[in-house]
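Colleague: Before anything else, here's the structure in question.
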Amino acid sequence: MVENVLNIGVVNFPTNWGDKEKNLENIEKYIVEAGEKGVEMLVFPETCLCGYDYDEEVDIHEKLAESLDGESVSEIKKHAQKYNMYVIFGFSELVENSVYNSAAIVFPNGETEVYRKIHLPFDEKKWAICGDEPKLFETKWGKVGVTICYDTYCFPELIRYYRAMGARLVLNVTACPDNACTMGAATMSLPAYSFINYVYIASANLCGQEKYSHFSGGSCVVMPNETKGGVKTVIGTFFGEKGSDTVGLFNGVIDLSLADKNTDIPIYDGDFRAEKYAEENGREGNDRTAL
């Protein structure tokens, strides 16, 4: 039987740009803190293992990329197993001769899976290649979906797909800097997608100054309000609100059954006509690249 009650944590994480050893040390510190608080699933931000900003002269992503069975992931496995915890964190993943902007999913038993960011904005195209597949992983709480930043804010199809596949929780591994474009997209999209899909979204963001960018955290968990009248933040502090820039771990207990109880609208019980979107997307000559 699928369980509903989950102790989940998200981290406002300050990176040491280009210092993987120090970042790994801090990741491990937060895992220990979370483990002592009974956290069962812990979410870190995008590229937290090496830092986010791209520098043409010192491409830290290429320099510090490692495989899913690399040394850093192996160290995190040990902590995940010790505390019987899922740990999800962003890193630059080396696959043969290519680098992906990825999220490692470390299971409590030490097994690992990975999500590779499908949509790449701005400078990310200079160091990473696009992933090709959505990622759902199985837990005792049912299916959980993973997105990375731009995936979440600008491509609603991905969260809709996860919810249609039965996920009640989506993890947003993000590096959302303080500028009008990215913060505007984040602050509008998370509540909207949570509400219309009746899904919990757990978001973990970087926090503080990097080489070029400044990040103000906002790591939190949002869910549809029990009154069916909007969305509320149940863990952490939402983007841009007072205290959202506080570095650290935020955790609490959520009841995923509320994702199913909050709606009277049968979106995924006949109303959602996925085949029509598939038909339109596959239509010959349906090329939007010129727009």
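Residues in the structure tokens are named by chain (A, B, ... in the order shown) and by number from 1 within that chain; ligands are numbered from 1 in the order shown.
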Quick one: residues within 8 Å of Val247 (chain A), only C-alpha atoms, excluding same-chain residues fewer than 2 positions away - as a PyMOL selection string?

Modeller: chain A and resi 11-14+207+217+245+249

Colleague: Excluding Tyr198 (chain A) and any residue of its chain fewer than 2 positions from it, enumerate the residues within 12 Å of it, using only C-alpha atoms, and give them as an MDAnalysis selection string.

Modeller: chainID A and resid 159:160 162:164 166:170 190:196 200:201 222:226 228:232 256:268

Colleague: Show which residues sit within 10 Å of Lys211 (chain A), as number ranges by chain. Count only C-alpha atoms, and ignore same-chain residues fewer than 6 positions away.

Modeller: A: 15-18, 51-55

Colleague: Figure out the distance between CA of Gly248 (chain A) and CA of Val99 (chain A), please, to one decimal in Å.

Modeller: 28.6 Å

Colleague: What's the 10 Å shell around Ser72 (chain A), counting only C-alpha atoms, without same-chain residues fewer than 6 positions away, as a compact mmCIF listing (two decimals) with N, CA, C and O atoms, in the first residue's frame?

Modeller:
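part.txt written:
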```
# COMPACT_ATOMS: atom_id res chain seq x y z
N LYS A 20 34.56 21.84 -5.36
CA LYS A 20 33.71 20.66 -5.17
C LYS A 20 33.91 20.01 -3.82
O LYS A 20 32.96 19.54 -3.19
N GLU A 21 35.15 19.99 -3.35
CA GLU A 21 35.44 19.36 -2.06
C GLU A 21 34.69 20.06 -0.92
O GLU A 21 34.10 19.40 -0.06
N ASN A 23 31.99 22.02 -1.21
CA ASN A 23 30.54 21.85 -1.40
C ASN A 23 30.09 20.47 -0.95
O ASN A 23 29.02 20.33 -0.33
N LEU A 24 30.88 19.46 -1.26
CA LEU A 24 30.54 18.10 -0.82
C LEU A 24 30.52 18.01 0.70
O LEU A 24 29.62 17.39 1.29
N GLU A 25 31.48 18.66 1.33
CA GLU A 25 31.53 18.68 2.79
C GLU A 25 30.25 19.30 3.36
O GLU A 25 29.68 18.79 4.34
N LEU A 49 27.00 20.89 -6.37
CA LEU A 49 28.27 20.21 -6.12
C LEU A 49 29.47 21.03 -6.57
O LEU A 49 30.54 20.95 -5.97
N GLU A 66 31.58 14.72 -13.05
CA GLU A 66 31.90 13.33 -12.71
C GLU A 66 30.72 12.45 -13.04
O GLU A 66 29.59 12.92 -13.21
N PHE A 91 24.28 18.22 -10.07
CA PHE A 91 25.71 18.14 -10.35
C PHE A 91 25.95 18.14 -11.85
O PHE A 91 25.03 17.91 -12.65
```

Colleague: Excluding Thr139 (chain A) and its own-chain neighbours fewer than 6 positions away, which residues fall within 10 Å of it when counting only C-alpha atoms? Please give them as a list of chain:residue names.

Modeller: A:Val2, A:Glu3, A:Tyr86, A:Phe107

Colleague: Looking at only C-alpha atoms, which of A:Gly142, A:Pro121, A:Gly131, A:Gly110 is the one that sits closest to Met1 (chain A)?

Modeller: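 Ranked by minimum distance to Met1 (chain A), first place goes to A:Gly142.
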
Colleague: For a quick check of understanding, using only C-alpha atoms, which of A:His79, A:Trp127, A:Lys22, A:Lys117 has the smallest distance to His61 (chain A)?

Modeller: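 Looking only at the distances to His61 (chain A), the closest residue turns out to be A:Trp127.
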
Colleague: Residues within 8 Å of Gly252 (chain A), please, as an mmCIF file with C-alpha atoms, in the first residue's frame. Count only C-alpha atoms; anything in the same chain fewer than 4 positions from it doesn't count.

Modeller:
```
data_model
loop_
_atom_site.group_PDB
_atom_site.id
_atom_site.type_symbol
_atom_site.label_atom_id
_atom_site.label_comp_id
_atom_site.auth_asym_id
_atom_site.auth_seq_id
_atom_site.Cartn_x
_atom_site.Cartn_y
_atom_site.Cartn_z
ATOM 1 C CA ASN A 7 9.200 14.036 6.305
ATOM 2 C CA ILE A 8 10.826 16.069 3.549
ATOM 3 C CA GLY A 9 13.627 18.635 3.604
ATOM 4 C CA VAL A 39 14.063 13.562 7.203
ATOM 5 C CA VAL A 234 3.986 24.463 4.074
ATOM 6 C CA ILE A 235 7.772 24.201 4.483
#
```
